[in-house]
$ cat start00.cif   # mmCIF, C-alpha atoms
data_start
loop_
_atom_site.label_atom_id
_atom_site.label_comp_id
_atom_site.auth_asym_id
_atom_site.auth_seq_id
_atom_site.Cartn_x
_atom_site.Cartn_y
_atom_site.Cartn_z
CA MET A 1 6.42 30.94 -14.85
CA ALA A 2 7.62 32.04 -18.23
CA TYR A 3 8.45 29.64 -21.00
CA VAL A 4 10.83 30.47 -23.80
CA ASP A 5 10.33 28.83 -27.16
CA LEU A 6 13.58 28.28 -28.94
CA VAL A 7 13.04 28.47 -32.67
CA LEU A 8 16.00 27.93 -34.89
CA ILE A 9 15.72 28.91 -38.46
CA VAL A 10 17.99 26.57 -40.30
CA THR A 11 18.55 26.06 -43.97
CA PRO A 12 20.36 23.14 -45.53
CA ILE A 13 23.61 23.93 -47.25
CA GLN A 14 23.50 22.81 -50.85
CA ASP A 15 25.04 19.36 -51.53
CA SER A 16 25.82 18.86 -47.84
CA HIS A 17 24.38 17.33 -44.69
CA LEU A 18 25.25 20.51 -42.74
CA TYR A 19 22.85 23.28 -41.79
CA ALA A 20 23.46 26.98 -41.31
CA VAL A 21 21.75 29.03 -38.59
CA ILE A 22 20.12 32.19 -39.89
CA ASN A 23 19.81 35.06 -37.42
CA ILE A 24 22.36 33.85 -34.86
CA ASP A 25 22.00 37.02 -32.77
CA GLU A 26 18.33 36.35 -32.07
CA PHE A 27 19.15 32.74 -31.17
CA LEU A 28 21.85 33.82 -28.70
CA ARG A 29 19.53 36.39 -27.07
CA THR A 30 16.86 33.73 -26.63
CA LEU A 31 19.40 31.31 -25.17
CA GLN A 32 20.72 33.97 -22.75
CA ARG A 33 17.17 34.81 -21.62
CA SER A 34 16.53 31.13 -20.99
CA PHE A 35 19.65 30.88 -18.80
CA GLU A 36 18.57 33.99 -16.85
CA LEU A 37 15.14 32.50 -16.17
CA ASP A 38 16.72 29.22 -15.02
CA GLU A 39 19.02 31.08 -12.66
CA ALA A 40 16.17 33.16 -11.23
CA ARG A 41 14.12 30.01 -10.64
CA ALA A 42 17.10 28.31 -8.92
CA ARG A 43 17.59 31.29 -6.58
CA SER A 44 13.92 31.66 -5.67
CA VAL A 45 12.80 30.92 -2.10
CA PHE A 46 10.33 28.13 -1.44
CA SER A 47 7.12 29.04 0.35
CA PRO A 48 6.44 27.47 3.78
CA LYS A 49 3.32 25.85 2.32
CA MET A 50 5.36 24.14 -0.39
CA ILE A 51 7.97 22.96 2.14
CA GLU A 52 5.22 21.46 4.31
CA MET A 53 3.74 19.70 1.25
CA VAL A 54 7.13 18.14 0.45
CA LYS A 55 7.62 16.98 4.06
CA GLN A 56 4.14 15.44 4.11
CA ALA A 57 4.80 13.67 0.80
CA ARG A 58 8.03 12.19 2.17
CA ARG A 59 6.22 10.98 5.32
CA ARG A 60 3.54 9.35 3.21
CA LYS A 61 6.15 7.70 1.01
CA VAL A 62 7.82 6.11 4.04
CA GLU A 63 4.45 4.95 5.39
CA ASN A 64 3.44 3.47 2.02
CA LYS A 65 6.77 1.66 1.59
CA THR A 66 6.47 0.24 5.11
CA ARG A 67 2.95 -1.06 4.36
CA GLU A 68 4.18 -2.48 1.05
CA ARG A 69 7.00 -4.41 2.76
CA GLN A 70 4.59 -5.76 5.38
CA ARG A 71 2.24 -6.99 2.66
CA GLU A 72 5.18 -8.61 0.88
CA ARG A 73 6.31 -10.36 4.10
CA ARG A 74 2.80 -11.74 4.53
CA GLY A 75 3.21 -13.48 1.18
CA GLU A 76 1.40 -11.13 -1.17
CA ILE A 77 3.02 -11.06 -4.60
CA LEU A 78 3.25 -7.42 -5.66
CA THR A 79 4.41 -5.86 -8.92
CA LYS A 80 7.60 -4.90 -7.12
CA THR A 81 8.14 -8.54 -6.12
CA LEU A 82 7.68 -9.74 -9.68
CA ARG A 83 10.10 -7.13 -11.03
CA ARG A 84 12.72 -8.08 -8.45
CA MET A 85 12.33 -11.76 -9.33
CA ARG A 86 12.84 -11.06 -13.05
CA LYS A 87 16.00 -9.04 -12.47
CA ARG A 88 19.46 -10.46 -13.02
CA PRO A 89 22.89 -9.34 -11.87
CA PRO A 90 24.49 -6.55 -13.92
CA PRO A 91 26.15 -7.95 -17.07
CA HIS A 92 29.69 -7.06 -15.96
CA LEU A 93 29.16 -9.18 -12.85
CA ALA A 94 27.07 -11.93 -14.45
CA VAL A 95 29.85 -12.88 -16.89
CA LYS A 96 32.17 -13.52 -13.93
CA MET A 97 29.64 -15.66 -12.03
CA THR A 98 29.44 -19.44 -12.19
CA ALA A 99 26.20 -21.24 -13.00
CA GLU A 100 25.74 -22.02 -9.29
CA GLN A 101 26.22 -18.36 -8.33
CA LEU A 102 23.67 -17.28 -10.95
CA ARG A 103 21.19 -19.84 -9.60
CA ASP A 104 21.80 -18.66 -6.03
CA ASP A 105 21.27 -15.04 -7.12
CA ALA A 106 17.94 -15.98 -8.70
CA ILE A 107 16.91 -17.78 -5.50
CA MET A 108 17.85 -14.74 -3.39
CA ARG A 109 15.46 -12.63 -5.46
CA GLU A 110 12.50 -15.00 -4.86
CA ALA A 111 9.72 -14.16 -2.44
CA SER A 112 9.83 -17.53 -0.67
CA GLN A 113 11.57 -17.84 2.69
CA GLY A 114 11.03 -21.54 3.42
CA GLY A 115 12.25 -24.87 2.09
CA TYR A 116 15.19 -24.96 -0.29
CA SER A 117 14.94 -21.23 -0.99
CA GLY A 118 15.14 -20.45 2.71
CA ARG A 119 18.14 -22.73 3.15
CA VAL A 120 20.03 -21.07 0.27
CA LYS A 121 19.15 -17.59 1.55
CA ALA A 122 20.32 -18.49 5.06
CA ARG A 123 23.61 -19.84 3.72
CA LEU A 124 24.25 -16.77 1.57
CA LEU A 125 23.35 -14.38 4.39
CA GLY A 126 25.61 -16.25 6.84
CA LYS A 127 22.80 -17.23 9.20
CA GLU A 128 22.06 -20.45 11.00
CA TRP A 129 19.23 -22.25 9.30
CA ASP A 130 17.18 -22.25 12.52
CA GLU A 131 17.25 -18.43 12.53
CA ALA A 132 15.97 -18.29 8.98
CA ALA A 133 13.33 -21.04 9.32
CA GLU A 134 10.54 -18.76 10.53
CA GLU A 135 7.93 -20.13 8.15
CA GLY A 136 8.18 -23.75 9.26
CA GLY A 137 10.90 -24.65 6.79
CA TRP A 138 13.74 -27.14 7.16
CA THR A 139 15.73 -26.76 10.40
CA ALA A 140 19.27 -27.61 11.46
CA GLU A 141 17.85 -30.17 13.90
CA GLN A 142 16.21 -32.00 11.01
CA ASP A 143 19.52 -31.87 9.11
CA ARG A 144 21.32 -33.41 12.10
CA ARG A 145 18.76 -36.24 12.40
CA ILE A 146 19.02 -37.04 8.68
CA GLU A 147 22.83 -37.15 8.88
CA GLU A 148 22.67 -39.45 11.93
CA THR A 149 20.23 -41.76 10.16
CA GLN A 150 22.38 -41.88 7.02
CA ALA A 151 25.50 -42.61 9.10
CA GLU A 152 23.67 -45.40 10.97
CA ASN A 153 22.40 -46.91 7.71
CA GLU A 154 25.92 -46.82 6.23
CA ARG A 155 27.34 -48.49 9.36
CA ARG A 156 24.72 -51.25 9.15
CA ARG A 157 25.45 -51.81 5.46
CA GLU A 158 29.13 -52.22 6.17
CA ASN A 159 28.47 -54.72 8.99
CA SER A 160 25.86 -56.76 7.11
CA LEU A 161 26.79 -60.18 5.69
CA MET A 162 25.57 -59.42 2.19
#

$ encode --input "start00.cif" --output "structure tokens"
Amino acid sequence: MAYVDLVLIVTPIQDSHLYAVINIDEFLRTLQRSFELDEARARSVFSPKMIEMVKQARRRKVENKTRERQRERRGEILTKTLRRMRKRPPPHLAVKMTAEQLRDDAIMREASQGGYSGRVKARLLGKEWDEAAEEGGWTAEQDRRIEETQAENERRRENSLM
């Protein structure tokens, strides 16, 4: 592979911030040669060995990403997880979001799937809480029992003599 060094000989013009190119013909020849080399490289045919190397690299990338996601699902905090948690919505969207929406966005980026985080994620993803409560988090059945208990307590308060 040939490399072309572009060397411009420039001299400052007196009392000015402008520069003048000396030997413009040589500069244009060098530039043209560079374009020709780029075009030849773009038209060249890839060897079967190189194509196989690229295919193998892509297979390995998919395998590595799959392993990474499995590790993350098991609860391992990876560099990727930390980066995702630190991210925020793009500025043009963040200015339009309410404080609650910003909080929900931050919760969606967390690694946790249970408890309050799991409930918020289930709500935002349009799932039933039971579907999302895989890690022993809060379930819809528990919600129903709490609501029944609160309703019963309210009824008793209203009927009490105090």

$ residues_near_point --input "start00.cif" --point "(15.0, -13.6, -0.7)" --cutoff "12 Å" --atoms "only C-alpha atoms" --output "ChimeraX atom specification"
/A:72-73,75,81,84-85,104-125,132

$ atom_distance --input "start00.cif" --atom1 "CA of Glu152 (chain A)" --atom2 "CA of Gly126 (chain A)"
29.5 Å

$ atom_distance --input "start00.cif" --atom1 "CA of Ile77 (chain A)" --atom2 "CA of Asn64 (chain A)"
16.0 Å

$ atom_distance --input "start00.cif" --atom1 "CA of Arg103 (chain A)" --atom2 "CA of Pro89 (chain A)"
10.9 Å

$ decode --input "start00.cif" --residues "region 142-156 of chain A" --atoms "all heavy atoms" --output "short mmCIF file (atom, residue, chain, number, x, y, z; two decimals), in the first residue's frame"
data_model
loop_
_atom_site.label_atom_id
_atom_site.label_comp_id
_atom_site.auth_asym_id
_atom_site.auth_seq_id
_atom_site.Cartn_x
_atom_site.Cartn_y
_atom_site.Cartn_z
N GLN A 142 -50.49 -8.80 45.10
CA GLN A 142 -50.17 -8.05 46.31
C GLN A 142 -50.80 -6.67 46.27
O GLN A 142 -51.30 -6.18 47.29
CB GLN A 142 -48.66 -7.95 46.49
CG GLN A 142 -48.02 -9.28 46.86
CD GLN A 142 -46.51 -9.22 46.78
OE1 GLN A 142 -45.96 -8.64 45.85
NE2 GLN A 142 -45.84 -9.83 47.75
N ASP A 143 -50.80 -6.03 45.11
CA ASP A 143 -51.47 -4.72 44.95
C ASP A 143 -52.95 -4.84 45.29
O ASP A 143 -53.51 -4.00 45.99
CB ASP A 143 -51.32 -4.21 43.51
CG ASP A 143 -50.03 -3.46 43.29
OD1 ASP A 143 -49.39 -3.07 44.28
OD2 ASP A 143 -49.66 -3.26 42.12
N ARG A 144 -53.60 -5.88 44.76
CA ARG A 144 -55.03 -6.08 44.99
C ARG A 144 -55.32 -6.26 46.47
O ARG A 144 -56.25 -5.66 47.01
CB ARG A 144 -55.52 -7.28 44.18
CG ARG A 144 -57.03 -7.47 44.19
CD ARG A 144 -57.45 -8.75 43.49
NE ARG A 144 -56.84 -9.94 44.04
CZ ARG A 144 -57.19 -10.51 45.20
NH1 ARG A 144 -58.13 -9.99 45.92
NH2 ARG A 144 -56.59 -11.61 45.62
N ARG A 145 -54.50 -7.06 47.16
CA ARG A 145 -54.71 -7.29 48.60
C ARG A 145 -54.54 -6.00 49.40
O ARG A 145 -55.30 -5.74 50.33
CB ARG A 145 -53.74 -8.35 49.10
CG ARG A 145 -54.07 -9.74 48.63
CD ARG A 145 -53.10 -10.73 49.22
NE ARG A 145 -53.32 -12.04 48.66
CZ ARG A 145 -52.49 -13.05 48.81
NH1 ARG A 145 -51.39 -12.90 49.52
NH2 ARG A 145 -52.76 -14.21 48.27
N ILE A 146 -53.54 -5.21 49.04
CA ILE A 146 -53.32 -3.94 49.75
C ILE A 146 -54.51 -3.01 49.55
O ILE A 146 -55.00 -2.39 50.50
CB ILE A 146 -52.01 -3.28 49.28
CG1 ILE A 146 -50.82 -4.07 49.81
CG2 ILE A 146 -51.93 -1.83 49.74
CD1 ILE A 146 -49.49 -3.64 49.24
N GLU A 147 -55.02 -2.93 48.32
CA GLU A 147 -56.18 -2.07 48.05
C GLU A 147 -57.41 -2.55 48.82
O GLU A 147 -58.17 -1.73 49.36
CB GLU A 147 -56.46 -2.03 46.54
CG GLU A 147 -55.43 -1.25 45.77
CD GLU A 147 -55.58 -1.40 44.26
OE1 GLU A 147 -56.55 -2.06 43.80
OE2 GLU A 147 -54.73 -0.85 43.55
N GLU A 148 -57.62 -3.87 48.89
CA GLU A 148 -58.75 -4.41 49.65
C GLU A 148 -58.62 -4.06 51.13
O GLU A 148 -59.59 -3.67 51.78
CB GLU A 148 -58.83 -5.93 49.49
CG GLU A 148 -59.34 -6.38 48.14
CD GLU A 148 -59.28 -7.89 47.99
OE1 GLU A 148 -58.84 -8.59 48.96
OE2 GLU A 148 -59.67 -8.39 46.92
N THR A 149 -57.42 -4.21 51.66
CA THR A 149 -57.18 -3.90 53.07
C THR A 149 -57.41 -2.43 53.35
O THR A 149 -58.05 -2.06 54.35
CB THR A 149 -55.74 -4.30 53.47
OG1 THR A 149 -55.53 -5.67 53.15
CG2 THR A 149 -55.49 -4.07 54.94
N GLN A 150 -56.92 -1.55 52.48
CA GLN A 150 -57.12 -0.12 52.67
C GLN A 150 -58.60 0.25 52.58
O GLN A 150 -59.09 1.07 53.36
CB GLN A 150 -56.32 0.67 51.62
CG GLN A 150 -54.83 0.65 51.87
CD GLN A 150 -54.02 1.29 50.76
OE1 GLN A 150 -54.52 1.51 49.66
NE2 GLN A 150 -52.76 1.59 51.06
N ALA A 151 -59.33 -0.38 51.66
CA ALA A 151 -60.77 -0.11 51.53
C ALA A 151 -61.51 -0.58 52.78
O ALA A 151 -62.40 0.12 53.30
CB ALA A 151 -61.32 -0.80 50.29
N GLU A 152 -61.14 -1.75 53.30
CA GLU A 152 -61.77 -2.27 54.53
C GLU A 152 -61.47 -1.37 55.71
O GLU A 152 -62.36 -1.06 56.52
CB GLU A 152 -61.28 -3.70 54.79
CG GLU A 152 -61.83 -4.34 56.04
CD GLU A 152 -63.33 -4.58 55.98
OE1 GLU A 152 -63.92 -4.61 54.89
OE2 GLU A 152 -63.93 -4.73 57.07
N ASN A 153 -60.23 -0.91 55.84
CA ASN A 153 -59.87 -0.01 56.93
C ASN A 153 -60.65 1.30 56.84
O ASN A 153 -61.12 1.83 57.86
CB ASN A 153 -58.37 0.27 56.93
CG ASN A 153 -57.55 -0.91 57.36
OD1 ASN A 153 -58.07 -1.86 57.96
ND2 ASN A 153 -56.27 -0.90 57.05
N GLU A 154 -60.79 1.84 55.64
CA GLU A 154 -61.55 3.07 55.44
C GLU A 154 -63.02 2.87 55.82
O GLU A 154 -63.63 3.72 56.47
CB GLU A 154 -61.42 3.54 53.98
CG GLU A 154 -62.00 4.89 53.70
CD GLU A 154 -61.32 6.00 54.48
OE1 GLU A 154 -60.10 5.92 54.72
OE2 GLU A 154 -62.04 6.94 54.88
N ARG A 155 -63.59 1.73 55.42
CA ARG A 155 -64.98 1.43 55.76
C ARG A 155 -65.17 1.35 57.26
O ARG A 155 -66.12 1.89 57.82
CB ARG A 155 -65.40 0.11 55.09
CG ARG A 155 -66.88 -0.23 55.26
CD ARG A 155 -67.20 -1.61 54.73
NE ARG A 155 -66.52 -2.68 55.44
CZ ARG A 155 -66.85 -3.13 56.66
NH1 ARG A 155 -67.83 -2.58 57.31
NH2 ARG A 155 -66.18 -4.12 57.21
N ARG A 156 -64.23 0.72 57.95
CA ARG A 156 -64.32 0.59 59.42
C ARG A 156 -64.19 1.95 60.09
O ARG A 156 -64.85 2.20 61.10
CB ARG A 156 -63.24 -0.38 59.92
CG ARG A 156 -63.53 -1.81 59.57
CD ARG A 156 -62.51 -2.74 60.14
NE ARG A 156 -62.76 -4.10 59.75
CZ ARG A 156 -62.09 -5.14 60.19
NH1 ARG A 156 -61.10 -4.98 61.05
NH2 ARG A 156 -62.40 -6.36 59.80
#
